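Text of entry.txt (compact mmCIF, C-alpha atoms and all ligand atoms) as supplied:
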# COMPACT_ATOMS: atom_id res chain seq x y z
CA MET D 1 -31.43 -12.52 -22.54
CA ILE D 2 -31.11 -12.72 -18.78
CA GLU D 3 -31.44 -9.40 -17.01
CA LEU D 4 -28.69 -9.23 -14.38
CA LEU D 5 -28.79 -6.79 -11.50
CA ALA D 6 -25.58 -4.94 -10.74
CA LYS D 7 -24.85 -4.95 -7.02
CA THR D 8 -22.23 -2.85 -5.27
CA PRO D 9 -19.67 -4.71 -3.09
CA CYS D 10 -21.25 -3.52 0.19
CA ASP D 11 -24.85 -3.85 -1.02
CA GLY D 12 -27.20 -4.33 1.93
CA LEU D 13 -24.42 -3.72 4.48
CA LEU D 14 -24.02 0.05 4.48
CA PRO D 15 -24.45 2.83 5.51
CA ARG D 16 -23.96 2.33 9.26
CA THR D 17 -23.66 5.00 11.93
CA ILE D 18 -22.36 3.99 15.35
CA GLY D 19 -21.79 6.74 17.89
CA THR D 20 -20.39 9.73 16.05
CA VAL D 21 -18.84 7.80 13.17
CA THR D 22 -20.48 6.83 9.88
CA LEU D 23 -19.34 4.24 7.36
CA THR D 24 -20.70 4.75 3.84
CA GLU D 25 -20.08 2.94 0.59
CA ILE D 26 -18.72 4.98 -2.33
CA SER D 27 -19.25 3.91 -5.93
CA PHE D 28 -17.13 5.16 -8.77
CA GLU D 29 -17.93 5.24 -12.44
CA ALA D 30 -14.58 3.54 -12.98
CA ILE D 31 -11.45 2.46 -11.13
CA THR D 32 -8.37 2.19 -13.33
CA SER D 33 -4.83 1.31 -12.37
CA VAL D 34 -2.24 3.38 -14.20
CA ALA D 35 1.42 2.34 -14.19
CA PRO D 36 3.77 4.53 -16.29
CA LEU D 37 6.43 2.62 -18.19
CA THR D 38 10.05 3.46 -17.41
CA GLY D 39 10.88 7.00 -18.47
CA GLN D 40 7.25 7.84 -19.30
CA GLU D 41 6.28 9.23 -15.87
CA ASP D 42 6.06 12.90 -16.87
CA ALA D 43 4.27 12.27 -20.16
CA VAL D 44 1.71 9.99 -18.49
CA SER D 45 1.12 12.51 -15.71
CA GLY D 46 0.47 15.21 -18.33
CA THR D 47 -1.99 13.08 -20.28
CA LEU D 48 -3.75 12.05 -17.08
CA LYS D 49 -4.10 15.67 -16.06
CA ALA D 50 -5.55 16.57 -19.45
CA GLN D 51 -8.05 13.69 -19.21
CA MET D 52 -9.33 14.02 -15.66
CA GLY D 53 -7.75 17.08 -14.10
CA ALA D 54 -5.33 15.37 -11.73
CA ALA D 55 -1.61 14.72 -12.15
CA PHE D 56 0.01 11.37 -11.36
CA PRO D 57 0.41 11.34 -7.56
CA LYS D 58 3.74 11.24 -5.75
CA PRO D 59 4.34 8.31 -3.36
CA GLY D 60 1.92 8.47 -0.44
CA ARG D 61 -0.26 11.19 -1.96
CA THR D 62 -3.54 11.76 -3.75
CA THR D 63 -4.33 14.32 -6.43
CA GLY D 64 -7.63 15.65 -7.76
CA LYS D 65 -10.93 15.81 -5.93
CA ALA D 66 -13.89 13.63 -4.98
CA HIS D 67 -14.94 11.37 -7.88
CA ALA D 68 -11.95 12.49 -9.97
CA ARG D 69 -9.09 11.37 -7.78
CA ALA D 70 -5.77 9.67 -8.44
CA VAL D 71 -4.43 7.71 -5.49
CA TRP D 72 -0.87 6.43 -5.22
CA SER D 73 -1.18 2.70 -4.68
CA GLY D 74 2.36 1.35 -4.76
CA LEU D 75 5.66 1.45 -6.57
CA GLY D 76 5.04 3.18 -9.91
CA GLN D 77 1.28 2.71 -9.76
CA ALA D 78 -1.81 4.80 -9.08
CA LEU D 79 -5.51 4.03 -8.96
CA VAL D 80 -7.74 6.52 -10.69
CA LEU D 81 -11.14 6.78 -9.01
CA GLY D 82 -13.82 8.45 -11.06
CA PRO D 83 -14.20 8.86 -14.78
CA ALA D 84 -13.36 6.04 -17.16
CA LEU D 85 -10.06 6.82 -18.89
CA GLN D 86 -9.03 6.71 -22.50
CA PRO D 87 -5.83 4.69 -23.14
CA ILE D 88 -2.76 6.68 -22.08
CA PRO D 89 0.33 6.19 -24.29
CA GLY D 90 3.31 5.03 -22.23
CA ALA D 91 1.24 3.56 -19.39
CA ALA D 92 0.08 0.05 -18.49
CA MET D 93 -3.58 0.30 -17.50
CA THR D 94 -6.15 -2.14 -16.16
CA ASP D 95 -9.84 -1.73 -15.46
CA GLN D 96 -10.39 -2.56 -11.78
CA THR D 97 -13.84 -1.05 -11.39
CA ASP D 98 -15.41 -4.19 -9.95
CA ALA D 99 -12.33 -5.29 -8.01
CA TRP D 100 -12.51 -2.94 -5.02
CA ALA D 101 -14.85 -2.23 -2.14
CA CYS D 102 -14.62 1.50 -1.43
CA VAL D 103 -15.96 3.06 1.75
CA ALA D 104 -15.71 6.38 3.57
CA LEU D 105 -15.28 6.57 7.34
CA GLU D 106 -16.31 9.94 8.69
CA GLY D 107 -17.00 11.75 11.92
CA ASP D 108 -15.49 12.57 15.32
CA GLY D 109 -13.47 9.55 16.33
CA ALA D 110 -12.95 8.17 12.82
CA ARG D 111 -9.21 8.22 13.46
CA ASP D 112 -9.65 6.25 16.70
CA VAL D 113 -11.60 3.63 14.78
CA LEU D 114 -8.88 3.28 12.14
CA ALA D 115 -6.16 3.18 14.82
CA ARG D 116 -7.67 -0.08 16.06
CA LEU D 117 -7.29 -1.67 12.66
CA THR D 118 -4.04 -0.52 11.07
CA PRO D 119 -0.39 -0.14 12.16
CA LEU D 120 -0.18 3.11 10.15
CA ASP D 121 0.84 6.28 12.01
CA LEU D 122 -2.47 8.20 11.81
CA ARG D 123 -1.51 11.29 13.80
CA PRO D 124 -2.97 14.31 11.97
CA SER D 125 0.48 15.88 11.62
CA VAL D 126 1.81 12.71 9.94
CA PHE D 127 -1.14 11.38 7.89
CA ARG D 128 -2.45 14.64 6.50
CA GLN D 129 -5.30 15.51 4.17
CA GLY D 130 -4.27 14.48 0.68
CA HIS D 131 -2.09 11.65 1.97
CA ALA D 132 -2.59 8.04 0.96
CA ALA D 133 -1.07 4.78 2.13
CA ARG D 134 -0.97 1.20 1.05
CA THR D 135 -1.08 -0.73 4.31
CA GLU D 136 -2.82 -3.38 6.38
CA LEU D 137 -6.32 -2.99 7.74
CA ALA D 138 -7.35 -5.83 10.06
CA HIS D 139 -4.83 -8.06 8.24
CA MET D 140 -6.30 -7.17 4.86
CA SER D 141 -4.35 -5.37 2.18
CA ALA D 142 -5.91 -1.91 1.90
CA VAL D 143 -5.50 1.54 0.42
CA LEU D 144 -6.17 4.34 2.91
CA MET D 145 -6.50 8.01 2.16
CA ARG D 146 -7.34 11.03 4.26
CA THR D 147 -9.88 13.08 2.33
CA GLY D 148 -10.98 15.50 5.08
CA GLU D 149 -10.30 16.63 8.61
CA SER D 150 -12.16 13.59 10.00
CA ARG D 151 -12.84 11.70 6.81
CA TYR D 152 -10.93 8.72 5.44
CA GLY D 153 -11.32 6.70 2.27
CA ILE D 154 -10.72 2.97 2.56
CA MET D 155 -10.32 0.52 -0.31
CA ALA D 156 -10.12 -3.26 0.16
CA PHE D 157 -10.45 -6.12 -2.30
CA ARG D 158 -14.06 -6.68 -3.27
CA SER D 159 -13.93 -10.31 -2.14
CA MET D 160 -13.25 -8.99 1.37
CA ALA D 161 -16.13 -6.46 1.42
CA LYS D 162 -18.14 -8.23 4.13
CA THR D 163 -15.04 -8.73 6.29
CA LEU D 164 -14.14 -5.07 5.81
CA VAL D 165 -17.56 -3.88 6.96
CA HIS D 166 -17.53 -6.36 9.85
CA ASP D 167 -14.10 -5.32 11.15
CA VAL D 168 -14.67 -1.58 10.75
CA THR D 169 -18.10 -1.65 12.40
CA GLU D 170 -16.68 -3.77 15.28
CA ALA D 171 -14.05 -1.09 15.84
CA MET D 172 -16.73 1.63 15.56
CA THR D 173 -18.77 -0.16 18.24
CA SER D 174 -15.73 -0.40 20.54
CA VAL D 175 -14.82 3.26 20.12
CA ALA D 176 -18.44 4.34 20.72
CA ALA D 177 -18.59 2.19 23.87
CA ARG D 178 -15.35 3.74 25.17
CA THR D 179 -16.68 7.23 24.53
CA ARG D 180 -19.79 6.50 26.62
CA LEU D 181 -17.72 5.49 29.69
CA MET B 1 11.04 -3.57 14.68
CA ARG B 2 10.32 -0.86 12.14
CA ILE B 3 11.65 -0.43 8.62
CA ASP B 4 11.82 3.06 7.15
CA CYS B 5 10.64 2.37 3.60
CA PRO B 6 12.02 4.98 1.16
CA LEU B 7 8.53 5.28 -0.39
CA CYS B 8 6.13 4.69 2.52
CA GLY B 9 8.05 5.97 5.53
CA PRO B 10 8.52 4.08 8.80
CA ARG B 11 6.29 1.00 8.91
CA ASP B 12 5.69 -1.87 11.27
CA ARG B 13 7.60 -5.09 10.64
CA ARG B 14 4.35 -7.01 10.00
CA GLU B 15 4.02 -5.23 6.63
CA PHE B 16 7.26 -6.82 5.34
CA THR B 17 8.45 -10.24 4.29
CA TYR B 18 12.06 -11.35 4.64
CA GLN B 19 13.69 -12.93 1.63
CA GLY B 20 17.38 -13.46 2.40
CA ASP B 21 20.82 -12.02 1.87
CA ALA B 22 21.05 -9.12 -0.60
CA LEU B 23 23.64 -11.20 -2.41
CA ALA B 24 20.73 -12.30 -4.59
CA LEU B 25 21.11 -8.97 -6.43
CA ASP B 26 24.55 -10.05 -7.66
CA ARG B 27 23.63 -13.04 -9.75
CA PRO B 28 26.74 -14.60 -11.29
CA ASP B 29 27.29 -14.93 -15.01
CA PRO B 30 25.62 -18.10 -16.36
CA GLU B 31 29.08 -19.36 -17.39
CA ALA B 32 30.75 -18.48 -14.09
CA GLY B 33 31.33 -22.13 -13.28
CA PHE B 34 30.21 -24.67 -10.72
CA GLY B 35 32.19 -23.27 -7.78
CA VAL B 36 30.81 -19.73 -8.13
CA TRP B 37 27.23 -20.93 -8.61
CA ASN B 38 27.45 -23.37 -5.73
CA ASP B 39 28.62 -20.53 -3.51
CA TYR B 40 25.90 -18.16 -4.76
CA LEU B 41 23.10 -20.66 -4.26
CA HIS B 42 24.06 -22.38 -1.01
CA ASN B 43 26.73 -20.66 1.04
CA ARG B 44 25.86 -17.74 3.31
CA ASP B 45 27.75 -16.02 6.06
CA ASN B 46 26.03 -15.75 9.40
CA PRO B 47 27.48 -12.49 10.68
CA ALA B 48 27.18 -11.14 14.21
CA GLY B 49 26.96 -7.51 13.16
CA PRO B 50 25.93 -5.57 10.05
CA THR B 51 24.22 -7.55 7.34
CA ARG B 52 22.48 -6.63 4.06
CA GLU B 53 19.16 -8.33 3.38
CA LEU B 54 16.31 -8.24 0.90
CA TRP B 55 12.90 -7.43 2.35
CA TYR B 56 9.64 -7.17 0.44
CA HIS B 57 7.13 -4.48 1.41
CA ASP B 58 4.18 -6.70 0.59
CA SER B 59 1.52 -4.88 2.61
CA GLY B 60 2.81 -1.52 1.43
CA CYS B 61 4.26 -0.26 -1.82
CA THR B 62 5.29 -3.76 -3.03
CA ALA B 63 8.89 -2.64 -3.53
CA TRP B 64 11.91 -4.84 -2.85
CA LEU B 65 14.23 -3.19 -0.33
CA VAL B 66 17.83 -3.65 0.70
CA VAL B 67 17.89 -3.35 4.48
CA THR B 68 21.23 -2.97 6.25
CA ARG B 69 20.79 -4.01 9.86
CA ASP B 70 22.84 -5.20 12.80
CA THR B 71 22.06 -8.71 14.00
CA VAL B 72 23.58 -7.91 17.40
CA THR B 73 21.90 -4.59 18.23
CA HIS B 74 18.86 -5.01 15.91
CA GLU B 75 19.56 -1.50 14.68
CA VAL B 76 18.43 -0.73 11.13
CA HIS B 77 21.14 1.40 9.56
CA ARG B 78 19.93 1.87 6.02
CA VAL B 79 16.98 1.09 3.77
CA GLU B 80 17.23 1.46 -0.01
CA LEU B 81 15.09 0.49 -2.97
CA ALA B 82 16.62 -2.66 -4.44
CA ARG B 83 16.01 -1.08 -7.84
CA ASP B 84 18.28 1.85 -6.93
CA VAL B 85 20.99 -0.45 -5.53
CA LYS B 86 20.91 -2.48 -8.74
CA GLU B 87 21.04 0.68 -10.90
CA ALA B 88 23.96 2.09 -8.90
CA GLY B 89 25.89 -1.18 -9.39
CA LYS B 90 25.75 -0.96 -13.19
ZN ZN D 201 6.99 0.74 1.05

What is this structure when it is put down as structure tokens?
Amino acid sequence: MIELLAKTPCDGLLPRTIGTVTLTEISFEAITSVAPLTGQEDAVSGTLKAQMGAAFPKPGRTTGKAHARAVWSGLGQALVLGPALQPIPGAAMTDQTDAWACVALEGDGARDVLARLTPLDLRPSVFRQGHAARTELAHMSAVLMRTGESRYGIMAFRSMAKTLVHDVTEAMTSVAARTRL
Amino acid sequence: MRIDCPLCGPRDRREFTYQGDALALDRPDPEAGFGVWNDYLHNRDNPAGPTRELWYHDSGCTAWLVVTRDTVTHEVHRVELARDVKEAGK
């Protein structure tokens, strides 16, 4: 039998630190989309909480903590980042573990970097810790979340991993150059 | 132009795709007859003023929205989930 090597989406590309900002890849044991069927929202949220400690998130929010997080990802859908889930009655679920490139952008100026890439209102009073958004990042479809004072989680489709790293590091370089002026 | 998505909040126009008149939510009965179907499929008003349209939040929550906006002032008066509009019409 052929021995295949598992590679992460950003293998060989990250981590990168430019100026005060660092871009790191994050790997999760599993990424599962959970979409409650009509009328099953509360029941699914309860089961999810029992399984991994986080309720189903409200629109634009995350629940849980690092490596056991549920992230709202669109109308009636959340992505669960962390433990693999058992089937949840009343929910449509798909395994998306290998479908996403997940990175963390952290450090002074992380917000300035993101502001060059997305039309989202990133002001700290608007996009707060625990908030999530489905939006555009450098014309890619992305999921953004604010997981700390100056820390953001970014998810893009795995097929776009190299583009993601390229665009974010370009913006990091620009912001660092500005800061030096 | 910004659209205040009921789920995502105010977002830039580039996140949305325009579909057409919100009339599409009122699909006639299959037996409604040629005249009604012809009207539904092909005939649209072109108002100077308030109009109701379907927009898709494709780079956001992926919800269909009913946007009421003024073609003269470009003002957006109202944004609703198409799902809610459809439910309310039942
Ligand atoms: Zn939306």

As a CSV table (one decimal) with C-alpha atoms, keeping the file's coordinate frame, could you give me every residue of chain B near chain D (at most 8 Å apart, counting all atoms listed in the file)?
chain,number,residue,atom,x,y,z
B,7,LEU,CA,8.5,5.3,-0.4
B,8,CYS,CA,6.1,4.7,2.5
B,11,ARG,CA,6.3,1.0,8.9
B,12,ASP,CA,5.7,-1.9,11.3
B,15,GLU,CA,4.0,-5.2,6.6
B,59,SER,CA,1.5,-4.9,2.6
B,60,GLY,CA,2.8,-1.5,1.4
B,61,CYS,CA,4.3,-0.3,-1.8
B,62,THR,CA,5.3,-3.8,-3.0
B,63,ALA,CA,8.9,-2.6,-3.5

- Mind giving me the straight-line distance from CA of Glu170 (chain D) to CA of Arg158 (chain D) in Å, one decimal?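 CA of Glu170 (chain D) sits 19.0 Å away from CA of Arg158 (chain D).
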
- Message: as number ranges by chain, please: the residues near region 105-113 of chain D (cut-off 12 Å, only C-alpha atoms, same-chain neighbours under 6 positions excluded).
- Response: D: 14-26, 120-124, 127-128, 137-138, 144-155, 164-165, 167-179

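Counting only C-alpha atoms and all ligand atoms and comparing B:Glu31, B:Glu87, B:Glu75, B:Glu80, the residue that lies closest to ligand ZN 201 (chain D) is B:Glu80.
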
- Determine, counting only C-alpha atoms, which protein, DNA and RNA residues have an atom within 9 Å of an atom of region 18-25 of chain B; residues of the same chain fewer than 5 positions away are not included. Present the result as a VMD selection string. chain B and resid 40 to 41 44 51 to 56 66 to 67 82 85 to 86

- Task: Using all atoms listed in the file, determine which residues lie at most 12 Å from Gln51 (chain D), disregarding the query and same-chain residues fewer than 6 positions distant; provide the list as a PyMOL selection string.
- Result: chain D and resi 44-45+64+68-70+80+82-88

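The gap separating CA of Cys5 (chain B) from CA of Leu65 (chain B) is 7.7 Å, in Å to one decimal.
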
Quick one: residues within 12 Å of Lys7 (chain D), only C-alpha atoms, excluding same-chain residues fewer than 3 positions away - as a compact mmCIF listing (two decimals) with C-alpha atoms, in the coordinates of the input?
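Output saved as selection.txt:
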# COMPACT_ATOMS: atom_id res chain seq x y z
CA LEU D 4 -28.69 -9.23 -14.38
CA CYS D 10 -21.25 -3.52 0.19
CA ASP D 11 -24.85 -3.85 -1.02
CA GLY D 12 -27.20 -4.33 1.93
CA LEU D 13 -24.42 -3.72 4.48
CA GLU D 25 -20.08 2.94 0.59
CA SER D 27 -19.25 3.91 -5.93
CA ASP D 98 -15.41 -4.19 -9.95
CA ALA D 101 -14.85 -2.23 -2.14
CA ARG D 158 -14.06 -6.68 -3.27

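Of note, CA of Asn43 (chain B) and CA of Asp4 (chain B) are spaced 28.7 Å apart.
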
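For the residues B:Arg69, B:Gly33, B:Asp84, B:Ile3, ranking by smallest atom-to-atom distance to ligand ZN 201 (chain D) using all atoms listed in the file places B:Ile3 first.
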
- Message: Quick one: residues within 10 Å of His74 (chain B), all atoms listed in the file, excluding same-chain residues fewer than 4 positions away - as number ranges by chain?
- Response: B: 1, 49-50, 69-70

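If you measure from each of B:Asn38, B:Thr17, B:Thr68, B:Thr73 to ligand ZN 201 (chain D) using only C-alpha atoms and all ligand atoms, the closest one turns out to be B:Thr17.
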
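Distance annotation: of D:Ala78, D:Ala6, D:Leu114, D:Met1, the residue with the minimal separation from Glu41 (chain D) is D:Ala78; atom set is only C-alpha atoms.
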
- Item | Nearest to ligand ZN 201 (chain D) by atom-to-atom distance, counting all atoms listed in the file, from B:His57, B:Arg83, B:Arg27, B:Arg78 | B:His57

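Proximity to Pro9 (chain D) was assessed for D:Ala55, D:Val126, D:Leu181, D:Ala99 counting only C-alpha atoms; the smallest distance is recorded for D:Ala99.
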
Adding 8 Å on each side of the box along x, y and z that holds all listed atoms of region 66-77 of chain D, could you give its centre and edge lengths in Å to one decimal, as lines of an AutoDock Vina configuration file?
center_x = -4.6
center_y = 7.5
center_z = -7.3
size_x = 36.6
size_y = 28.3
size_z = 21.3
